[in-house]
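Trainee: What follows is a single structure, and I will ask about it in a moment.
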Amino acid sequence: MAQADAEATLREAARRHAAGDLAGAVQRYKAVLVARPGDANALNLLGVAARQQGDLAAALRYAEAAVRARPGNAVFLLNFGASLAEAGHLPRAVAALRAAVRADPANAMAWRNLGQAMAAGGDAAGALEPLARAIATDPRVPEAHLALAHARREAGDPLGAQAAAEAALALAGADAALARQARFLLAALGQGPAPDRAPADYVRGLFDQYAARFDADLQGRLGYGTPLLLAGALRACGVAADGSRQVLDLGCGTGLSGVELQPFAARMEGVDLSPRMLAAAAARGIYAALHEADLMAFLPARPGAWDLVAAADVLNYLGDLAPVLPLIAAALRPGGIAAFSLETGDVAPYALGPGMRYRHAPAHVAGLAEAAGFAVLAQDAAVLREEQGVPVAGTLFVLRR
Ligand SMILES: C[S@@+](CC[C@H](N)C(=O)[O-])C[C@H]1O[C@@H](n2cnc3c(N)ncnc32)[C@H](O)[C@@H]1O
């Protein structure tokens with residue numbers, strides 16, 4: 001391919017990429033690389049396409065190669081940093097994104113990504129300045145205001161968080177998902193009514209960006225013990241871990257819950273909203289099938305199919321459990337068991353907490369369970385994990401249909 005042809009192919013590839021034809025774009029970027037090995041633009045754009053296709057390993061490889069081919073290019077550093085952040089390598093992401101803003105201090109996206117990577121790494125206070133720089137550079141981007149709102153909330157500035165969330169809402173325009181998320185954050189700050197559940201796109205986005213760090217974070221820093229506690233509650237209720245049951249792991253995430261449920265299962269399936277969490281669950285090799293779906297939509301698909309339906313640290317993303325418990329009951333065979341954890345407290349009947357999850361009143365949930373035809377076998381108070389060093393109080397429920 002001649003130089004001029006390679007340029008034309010690159011332009012055509014970028015045009016297809018922008019139009020959403022990822023396969024067509026990737027094929028042409030690769031052709032450019034055959035003609036011009038090490039072409040930094042083609043490498044960078046292949047990295048972007050790989051990230052869009054969910055192939056983080058390839059995204060990192062291409063993005064790093066683009067940076068090596070042209071060090072000091074802000075856009076390439078930005079894409080490399082964004083890929084590192086998505087892959088959970090937060091300190092390296094922050095370093096790449098700092099280099100990006102040094103290379104081009106007028107790149108609002110690089111400032112935003114830097115702030116978001118710092119916040120994801122637990123430095124919400126440190127994220128405030130880069131996020132403010134992102135907004136000062138381009139004030140019209142609602143995502144930047146929303147990111148600042150989250151960082152301010154996490155840094156303990158609810159009034160500032162409210163102002164930023166209101167700015168995000170005002171700029172959201174036709175972006176209904178972003179508006180929903182801004183309203184959800186405002187509700188968690190006590191401004192406006194709480195919806196009856198967390199928006200599905202918020203939950204999916206939250207766990208997609210968390211997936212790479214989830215296991216290490218939950219089992220390390222956050223002292224997450226819910227799956228083990230739930231399995232203990234099942235055994236204490238006489239549910240034998242005898243490998244005999246059809247088990248459904250609702251909101252299976254990366255499969256930490258599945259590991260503890262497996263001894264009860266002849267066959268286990270999982271369902272979750274987040275494709276990245278599901279990819280990690282698949283890698284464990286313990287699920288016979290995994291489904292990307294909302295649990296509310298999935299449950300009615302197979303009435304009476306399950307012996308055990310479990311949800312560890314999942315139903316706290318739902319506020320109103322009145323529609324959920326009958327769906328779980330109908331998915332179980334008669335005599336089947338439901339087991340789930342909830343964050344609980346003195347609320348009536350549920351409330352959206354500042355951690356952006358719902359807390360429920362245990363007595364209310366027990367009433368809903370009985371109304372759905374369950375016998376309550378256990379309703380045990382438990383510490384589910386820690387949040388900012390504070391134990392999260394919850395209740396483990398075991399029910400029999
Ligand atoms: C905190 S994680 C817990 C994962 C796993 N159960 C465990 O114990 O490690 C919560 C998971 O529930 C999923 N989730 C939340 N709401 C959901 C819904 N309505 N439908 C399906 N999955 C949901 C999230 O995507 C996330 O993976």
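Chain lettering (A, B, ...) mirrors the order of the structure tokens, residue numbering begins at 1 for each chain separately, and ligand numbering begins at 1 in order of display.
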Kindly provide, as a PyMOL selection string, all nucleotide and amino acid residues lying within 6 Å of ligand 1, counting only C-alpha atoms and all ligand atoms.
Mentor: chain A and resi 203-204+207+227+251-253+255-257+271-274+277+293-295+311-314+317
Trainee: Can you check which residues of region 5-117 of chain A DSSP gives as alpha helix (DSSP H) on the backbone and send them as a PyMOL selection string?
Mentor: chain A and resi 5-18+22-35+40-52+56-69+74-86+90-103+108-117
Trainee: Show me, as a list in words, the residues that have an atom within 6 Å of region 177-189 of chain A when counting only C-alpha atoms, minus same-chain residues fewer than 3 positions from it.
Mentor: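 My list of contacting residues is Ala165, Leu169, Ala172, Gly192, Pro193, Ala194, Leu352, Gly353, Pro354 and Met356 of chain A.
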Trainee: Save the residues we just selected, N, CA and C atoms, as a JSON list (two decimals), in the first residue's frame?
Mentor:
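Once everything was written out, this is result.json:
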```json
[["chain", "number", "residue", "atom", "x", "y", "z"],
["A", 165, "ALA", "N", -24.48, 18.20, 40.80],
["A", 165, "ALA", "CA", -25.49, 17.29, 40.22],
["A", 165, "ALA", "C", -26.59, 18.11, 39.54],
["A", 169, "LEU", "N", -27.68, 17.94, 35.65],
["A", 169, "LEU", "CA", -29.07, 17.76, 35.24],
["A", 169, "LEU", "C", -29.48, 18.85, 34.25],
["A", 172, "ALA", "N", -28.08, 18.05, 30.89],
["A", 172, "ALA", "CA", -28.28, 16.69, 30.35],
["A", 172, "ALA", "C", -29.03, 16.69, 29.03],
["A", 192, "GLY", "N", -35.06, 15.58, 46.59],
["A", 192, "GLY", "CA", -35.97, 14.96, 45.61],
["A", 192, "GLY", "C", -36.30, 13.53, 46.02],
["A", 193, "PRO", "N", -37.39, 13.03, 45.44],
["A", 193, "PRO", "CA", -37.87, 11.69, 45.83],
["A", 193, "PRO", "C", -36.94, 10.59, 45.35],
["A", 194, "ALA", "N", -36.80, 9.55, 46.18],
["A", 194, "ALA", "CA", -36.00, 8.40, 45.77],
["A", 194, "ALA", "C", -36.83, 7.57, 44.78],
["A", 352, "LEU", "N", -33.09, 5.46, 50.49],
["A", 352, "LEU", "CA", -31.86, 5.51, 49.70],
["A", 352, "LEU", "C", -30.80, 6.17, 50.56],
["A", 353, "GLY", "N", -29.72, 5.43, 50.83],
["A", 353, "GLY", "CA", -28.70, 5.96, 51.73],
["A", 353, "GLY", "C", -27.68, 6.81, 51.00],
["A", 354, "PRO", "N", -26.86, 7.51, 51.75],
["A", 354, "PRO", "CA", -25.84, 8.36, 51.14],
["A", 354, "PRO", "C", -24.82, 7.55, 50.32],
["A", 356, "MET", "N", -25.61, 5.54, 48.18],
["A", 356, "MET", "CA", -26.33, 5.29, 46.93],
["A", 356, "MET", "C", -26.85, 3.86, 46.82]]
```
Trainee: Taking the backbone alone, and naming residues the way the document does, which bits of region 244-375 of chain A are strand (DSSP E or B) by DSSP, as a PyMOL selection string?
Mentor: chain A and resi 245-250+265-272+289-292+306-311+318+332-344+350-352+358-360+375
Trainee: Using CA of Ala50 (chain A) and CA of Val67 (chain A) as the two end points, give the distance in Å to one decimal.
Mentor: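 Computing the Euclidean distance for CA of Ala50 (chain A) and CA of Val67 (chain A) yields 15.8 Å.
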Trainee: Just give me the gap between CA of Leu396 (chain A) and CA of Ala375 (chain A) in Å, one decimal is fine.
Mentor: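 Straight-line distance from CA of Leu396 (chain A) to CA of Ala375 (chain A) works out to 14.2 Å.
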Trainee: List as a short mmCIF file (atom, residue, chain, number, x, y, z; two decimals) with C-alpha atoms, in the first residue's frame the protein and nucleic acid residues near Ala167 (chain A), meaning an atom at most 12 Å away when only C-alpha atoms are counted, but skip any in the same chain fewer than 3 places from it.
Mentor:
```
data_model
loop_
_atom_site.label_atom_id
_atom_site.label_comp_id
_atom_site.auth_asym_id
_atom_site.auth_seq_id
_atom_site.Cartn_x
_atom_site.Cartn_y
_atom_site.Cartn_z
CA ILE A 135 -15.20 21.90 33.86
CA PRO A 139 -18.18 23.80 31.11
CA ARG A 140 -20.81 22.25 28.81
CA VAL A 141 -20.08 18.57 29.47
CA PRO A 142 -22.67 17.12 31.87
CA GLU A 143 -20.57 13.99 32.56
CA ALA A 144 -17.84 16.18 34.07
CA HIS A 145 -20.33 17.87 36.41
CA LEU A 146 -21.72 14.48 37.40
CA ALA A 147 -18.22 13.14 38.08
CA LEU A 148 -17.52 16.21 40.23
CA ALA A 149 -20.81 15.65 42.08
CA GLY A 160 -21.18 21.00 46.66
CA ALA A 161 -22.27 17.60 45.33
CA GLN A 162 -25.84 18.85 45.06
CA ALA A 163 -24.78 21.96 43.10
CA ALA A 164 -22.70 19.88 40.67
CA ALA A 170 -29.43 21.21 33.67
CA LEU A 171 -26.96 20.24 30.92
CA ALA A 172 -28.28 16.69 30.35
CA GLY A 173 -30.64 17.75 27.55
CA LEU A 178 -27.48 10.94 32.46
CA ALA A 179 -30.49 12.87 33.77
CA ALA A 182 -28.11 12.98 38.27
CA ARG A 183 -31.58 12.68 39.81
CA LEU A 186 -29.71 14.12 44.15
#
```
Trainee: So which one's closest to Gly190 (chain A), A:Ala351, A:Ala8, A:Ala99, A:Val32? Using only C-alpha atoms, please.
Mentor: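 The shortest atom-to-atom distance to Gly190 (chain A) comes from A:Ala351.
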Trainee: With only C-alpha atoms as the counted atoms, please give the residues lying no more than 12 Å from Ala119 (chain A), apart from itself and same-chain residues fewer than 6 positions off, as a ChimeraX atom specification.
Mentor: /A:85,90-91,93-94,112-113,125-131,147-155,210
Trainee: What is the CA of Leu228 (chain A)-CA of Ala280 (chain A) distance in Å, reported with one decimal?
Mentor: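 Interatomic distance here is 19.1 Å.
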Trainee: Using only C-alpha atoms for the distances, tell me which of A:Arg28, A:Phe374, A:Glu166, A:Tyr224 is nearest to Glu387 (chain A).
Mentor: A:Tyr224
Trainee: If you count only C-alpha atoms, which residues fall within 8 Å of region 323-331 of chain A, apart from same-chain ones fewer than 3 positions away, as a list in words?
Mentor: Met296, Leu299, Pro300, Arg302, Pro303, Gly304, Ala305, Trp306, Val309, Asp320, Ala338, Leu368, Ala369, Ala372, Gly373, Phe374 and Arg401 of chain A
